[in-house]
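Visitor: Sharing a structure below in structure tokens format, with a few things to ask.
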Amino acid sequence: MDEIDALRKKIDVIDEQIMQTLLQRIEICRAIGELKKQQCKPIQDISRETQVFSRIKNHATQLKLDPDQIERIYREIVNMCSNVQQ
């Protein structure tokens with residue numbers, strides 16, 4: 001196996017970890033959605049979303065990642081999680 005293949009296998013492992021972590025996040029969001037329904041609260045919480053985006057952008061900056069790109073990714077994740085809450 002050459003070096004590129006070895007590195008790609010590492011990426012495959014990381015991709016699996018990302019998927020498992022997304023699954024955990026979705027499961028937690030489903031539970032939050034059920035609680036929101038029981039408590040007659042709206043699914044979307046703009047204040048919480050703002051906190052999440054601010055936190056992840058700050059963290060991205062600390063990690064020397066592009067905060068705007070990370071925010072775009074997280075907007076998709078938040079949208080996906082909002083959909084599972086409905």
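Going by the structure tokens order, chains are called A, B, ..., each with residues numbered from 1, while ligands are numbered from 1 in the order shown.
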Give me, as a list in words, all polymer residues having an atom no more than 6 Å from A:Ile26, counting only C-alpha atoms and skipping those fewer than 3 positions away in the same chain.
Guide: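 Residues meeting the cut-off are Leu23, Cys29 and Cys81 of chain A.
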Visitor: Fewer than 4 positions away in the same chain doesn't count, so skip those; otherwise give me all residues within 8 Å of A:Glu49, counting only C-alpha atoms, as a list in words.
Guide: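 Counting only C-alpha atoms, the residues come to Asp45, Phe53 and Val78 of chain A.
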Visitor: Store the residues of this selection in a file with N, CA, C and O atoms, as a PDB file, in the first residue's frame.
Guide:
```pdb
ATOM      1  N   ASP A  45     -34.846  27.846  17.960  1.00  0.00           N
ATOM      2  CA  ASP A  45     -34.425  28.705  19.067  1.00  0.00           C
ATOM      3  C   ASP A  45     -33.268  29.569  18.556  1.00  0.00           C
ATOM      4  O   ASP A  45     -32.110  29.165  18.583  1.00  0.00           O
ATOM      5  N   PHE A  53     -23.318  29.133  16.793  1.00  0.00           N
ATOM      6  CA  PHE A  53     -22.500  29.660  15.705  1.00  0.00           C
ATOM      7  C   PHE A  53     -21.344  30.512  16.231  1.00  0.00           C
ATOM      8  O   PHE A  53     -20.224  30.428  15.726  1.00  0.00           O
ATOM      9  N   VAL A  78     -27.189  22.237  11.889  1.00  0.00           N
ATOM     10  CA  VAL A  78     -28.310  22.755  12.686  1.00  0.00           C
ATOM     11  C   VAL A  78     -29.622  22.594  11.932  1.00  0.00           C
ATOM     12  O   VAL A  78     -30.641  22.197  12.511  1.00  0.00           O
TER      13      VAL A  78
END
```
Visitor: Could you tell me how far atom CA of A:Leu22 sits from atom CA of A:Lys57, in Å to one decimal place?
Guide: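 According to the coordinates, atom CA of A:Lys57 and atom CA of A:Leu22 are separated by 18.4 Å.
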Visitor: So which residues of chain A fall under helix (DSSP H, G or I) by DSSP, listed as a PyMOL selection string?
Guide: chain A and resi 3-38+46-62+67-85
Visitor: Out of A:Gln20, A:Asn79, A:Asn58, A:Val13, which residue has the shortest atom-to-atom distance to A:Ile46 when counting only C-alpha atoms?
Guide: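 For A:Ile46, the nearest of the given residues is A:Asn79.
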Visitor: What lies within 12 Å of A:Ser54 using only C-alpha atoms, ignoring chain neighbours under 6 positions off, as a ChimeraX atom specification?
Guide: /A:47-48,60-61,67-68,70-71,74-75
Visitor: Generate a file of the selected residues that holds all heavy atoms, formatted as a PDB file, in the first residue's frame.
Guide:
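Below is the file result-v1.pdb, written as the result:
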```
ATOM      1  N   SER A  47     -31.851  32.206  19.664  1.00  0.00           N
ATOM      2  CA  SER A  47     -30.842  32.555  20.658  1.00  0.00           C
ATOM      3  C   SER A  47     -29.814  31.438  20.797  1.00  0.00           C
ATOM      4  O   SER A  47     -28.600  31.686  20.813  1.00  0.00           O
ATOM      5  CB  SER A  47     -31.514  32.832  22.003  1.00  0.00           C
ATOM      6  OG  SER A  47     -30.552  33.010  23.008  1.00  0.00           O
ATOM      7  N   ARG A  48     -30.286  30.203  20.884  1.00  0.00           N
ATOM      8  CA  ARG A  48     -29.381  29.051  20.998  1.00  0.00           C
ATOM      9  C   ARG A  48     -28.534  28.900  19.729  1.00  0.00           C
ATOM     10  O   ARG A  48     -27.333  28.652  19.813  1.00  0.00           O
ATOM     11  CB  ARG A  48     -30.193  27.777  21.260  1.00  0.00           C
ATOM     12  CG  ARG A  48     -29.405  26.497  21.188  1.00  0.00           C
ATOM     13  CD  ARG A  48     -28.356  26.388  22.262  1.00  0.00           C
ATOM     14  NE  ARG A  48     -27.660  25.109  22.102  1.00  0.00           N
ATOM     15  CZ  ARG A  48     -26.437  24.861  22.499  1.00  0.00           C
ATOM     16  NH1 ARG A  48     -25.754  25.794  23.130  1.00  0.00           N
ATOM     17  NH2 ARG A  48     -25.888  23.689  22.314  1.00  0.00           N
ATOM     18  N   ALA A  60     -13.161  27.564  15.853  1.00  0.00           N
ATOM     19  CA  ALA A  60     -12.515  27.398  14.538  1.00  0.00           C
ATOM     20  C   ALA A  60     -11.320  28.334  14.416  1.00  0.00           C
ATOM     21  O   ALA A  60     -10.249  27.924  13.945  1.00  0.00           O
ATOM     22  CB  ALA A  60     -13.517  27.662  13.423  1.00  0.00           C
ATOM     23  N   THR A  61     -11.490  29.555  14.858  1.00  0.00           N
ATOM     24  CA  THR A  61     -10.397  30.531  14.797  1.00  0.00           C
ATOM     25  C   THR A  61      -9.211  30.059  15.637  1.00  0.00           C
ATOM     26  O   THR A  61      -8.063  30.134  15.200  1.00  0.00           O
ATOM     27  CB  THR A  61     -10.880  31.918  15.265  1.00  0.00           C
ATOM     28  OG1 THR A  61     -11.943  32.340  14.398  1.00  0.00           O
ATOM     29  CG2 THR A  61      -9.769  32.943  15.231  1.00  0.00           C
ATOM     30  N   PRO A  67     -13.338  30.283   9.917  1.00  0.00           N
ATOM     31  CA  PRO A  67     -14.582  30.329  10.683  1.00  0.00           C
ATOM     32  C   PRO A  67     -15.837  30.429   9.819  1.00  0.00           C
ATOM     33  O   PRO A  67     -16.891  29.899  10.183  1.00  0.00           O
ATOM     34  CB  PRO A  67     -14.426  31.554  11.591  1.00  0.00           C
ATOM     35  CG  PRO A  67     -13.309  32.348  11.015  1.00  0.00           C
ATOM     36  CD  PRO A  67     -12.463  31.414  10.213  1.00  0.00           C
ATOM     37  N   ASP A  68     -15.729  31.073   8.664  1.00  0.00           N
ATOM     38  CA  ASP A  68     -16.892  31.176   7.787  1.00  0.00           C
ATOM     39  C   ASP A  68     -17.257  29.831   7.176  1.00  0.00           C
ATOM     40  O   ASP A  68     -18.431  29.482   7.069  1.00  0.00           O
ATOM     41  CB  ASP A  68     -16.655  32.231   6.696  1.00  0.00           C
ATOM     42  CG  ASP A  68     -16.530  33.637   7.267  1.00  0.00           C
ATOM     43  OD1 ASP A  68     -17.196  33.922   8.291  1.00  0.00           O
ATOM     44  OD2 ASP A  68     -15.775  34.439   6.707  1.00  0.00           O
ATOM     45  N   ILE A  70     -16.566  26.905   8.505  1.00  0.00           N
ATOM     46  CA  ILE A  70     -17.079  26.086   9.610  1.00  0.00           C
ATOM     47  C   ILE A  70     -18.515  26.483   9.936  1.00  0.00           C
ATOM     48  O   ILE A  70     -19.373  25.628  10.179  1.00  0.00           O
ATOM     49  CB  ILE A  70     -16.164  26.194  10.852  1.00  0.00           C
ATOM     50  CG1 ILE A  70     -14.758  25.656  10.540  1.00  0.00           C
ATOM     51  CG2 ILE A  70     -16.786  25.505  12.062  1.00  0.00           C
ATOM     52  CD1 ILE A  70     -14.704  24.204  10.151  1.00  0.00           C
ATOM     53  N   GLU A  71     -18.803  27.772   9.916  1.00  0.00           N
ATOM     54  CA  GLU A  71     -20.175  28.215  10.173  1.00  0.00           C
ATOM     55  C   GLU A  71     -21.128  27.653   9.121  1.00  0.00           C
ATOM     56  O   GLU A  71     -22.234  27.204   9.443  1.00  0.00           O
ATOM     57  CB  GLU A  71     -20.282  29.736  10.213  1.00  0.00           C
ATOM     58  CG  GLU A  71     -21.700  30.197  10.506  1.00  0.00           C
ATOM     59  CD  GLU A  71     -21.868  31.703  10.510  1.00  0.00           C
ATOM     60  OE1 GLU A  71     -20.926  32.432  10.119  1.00  0.00           O
ATOM     61  OE2 GLU A  71     -22.964  32.153  10.887  1.00  0.00           O
ATOM     62  N   TYR A  74     -21.840  24.109   9.950  1.00  0.00           N
ATOM     63  CA  TYR A  74     -22.707  24.008  11.129  1.00  0.00           C
ATOM     64  C   TYR A  74     -24.128  24.480  10.843  1.00  0.00           C
ATOM     65  O   TYR A  74     -25.077  23.966  11.429  1.00  0.00           O
ATOM     66  CB  TYR A  74     -22.102  24.754  12.323  1.00  0.00           C
ATOM     67  CG  TYR A  74     -21.310  23.806  13.182  1.00  0.00           C
ATOM     68  CD1 TYR A  74     -20.009  23.462  12.853  1.00  0.00           C
ATOM     69  CD2 TYR A  74     -21.877  23.205  14.306  1.00  0.00           C
ATOM     70  CE1 TYR A  74     -19.285  22.564  13.606  1.00  0.00           C
ATOM     71  CE2 TYR A  74     -21.154  22.315  15.069  1.00  0.00           C
ATOM     72  CZ  TYR A  74     -19.868  21.997  14.719  1.00  0.00           C
ATOM     73  OH  TYR A  74     -19.164  21.097  15.473  1.00  0.00           O
ATOM     74  N   ARG A  75     -24.290  25.414   9.949  1.00  0.00           N
ATOM     75  CA  ARG A  75     -25.652  25.814   9.569  1.00  0.00           C
ATOM     76  C   ARG A  75     -26.390  24.620   8.956  1.00  0.00           C
ATOM     77  O   ARG A  75     -27.569  24.411   9.228  1.00  0.00           O
ATOM     78  CB  ARG A  75     -25.639  27.008   8.625  1.00  0.00           C
ATOM     79  CG  ARG A  75     -25.311  28.305   9.348  1.00  0.00           C
ATOM     80  CD  ARG A  75     -25.646  29.550   8.541  1.00  0.00           C
ATOM     81  NE  ARG A  75     -25.325  30.727   9.317  1.00  0.00           N
ATOM     82  CZ  ARG A  75     -26.116  31.265  10.252  1.00  0.00           C
ATOM     83  NH1 ARG A  75     -27.287  30.741  10.510  1.00  0.00           N
ATOM     84  NH2 ARG A  75     -25.736  32.335  10.919  1.00  0.00           N
TER      85      ARG A  75
END
```
Visitor: When distances are computed from only C-alpha atoms, which of A:Gln69, A:Thr50, A:Gln62, A:Gln44 shows the smallest separation from A:Gln86?
Guide: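 Ranking A:Gln69, A:Thr50, A:Gln62, A:Gln44 by distance to A:Gln86, first place goes to A:Gln44.
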Visitor: List as a list in words the protein and nucleic acid residues near A:Pro42, meaning an atom at most 12 Å away when only C-alpha atoms are counted, but skip any in the same chain fewer than 5 places from it.
Guide: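 So, after excluding close chain neighbours, the residues are Ile32, Gly33, Glu34, Leu35, Lys36, Lys37, Ser82, Gln85 and Gln86 of chain A.
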Visitor: Could you please determine the separation between atom CA of A:Ile77 and atom CA of A:Gln51 in Å, to one decimal place?
Guide: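 Taking atom CA of A:Ile77 as the start and atom CA of A:Gln51 as the end point, the length is 14.4 Å.
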Visitor: Would you mind telling me which residue in A:Arg25, A:His59, A:Arg30, A:Lys10 lies nearest to A:Ile43 when using only C-alpha atoms?
Guide: A:Arg30
Visitor: Expressed in Å to a single decimal, how great is the separation between atom CA of A:Val84 and atom CA of A:Leu63?
Guide: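 These two atoms are separated by 29.5 Å.
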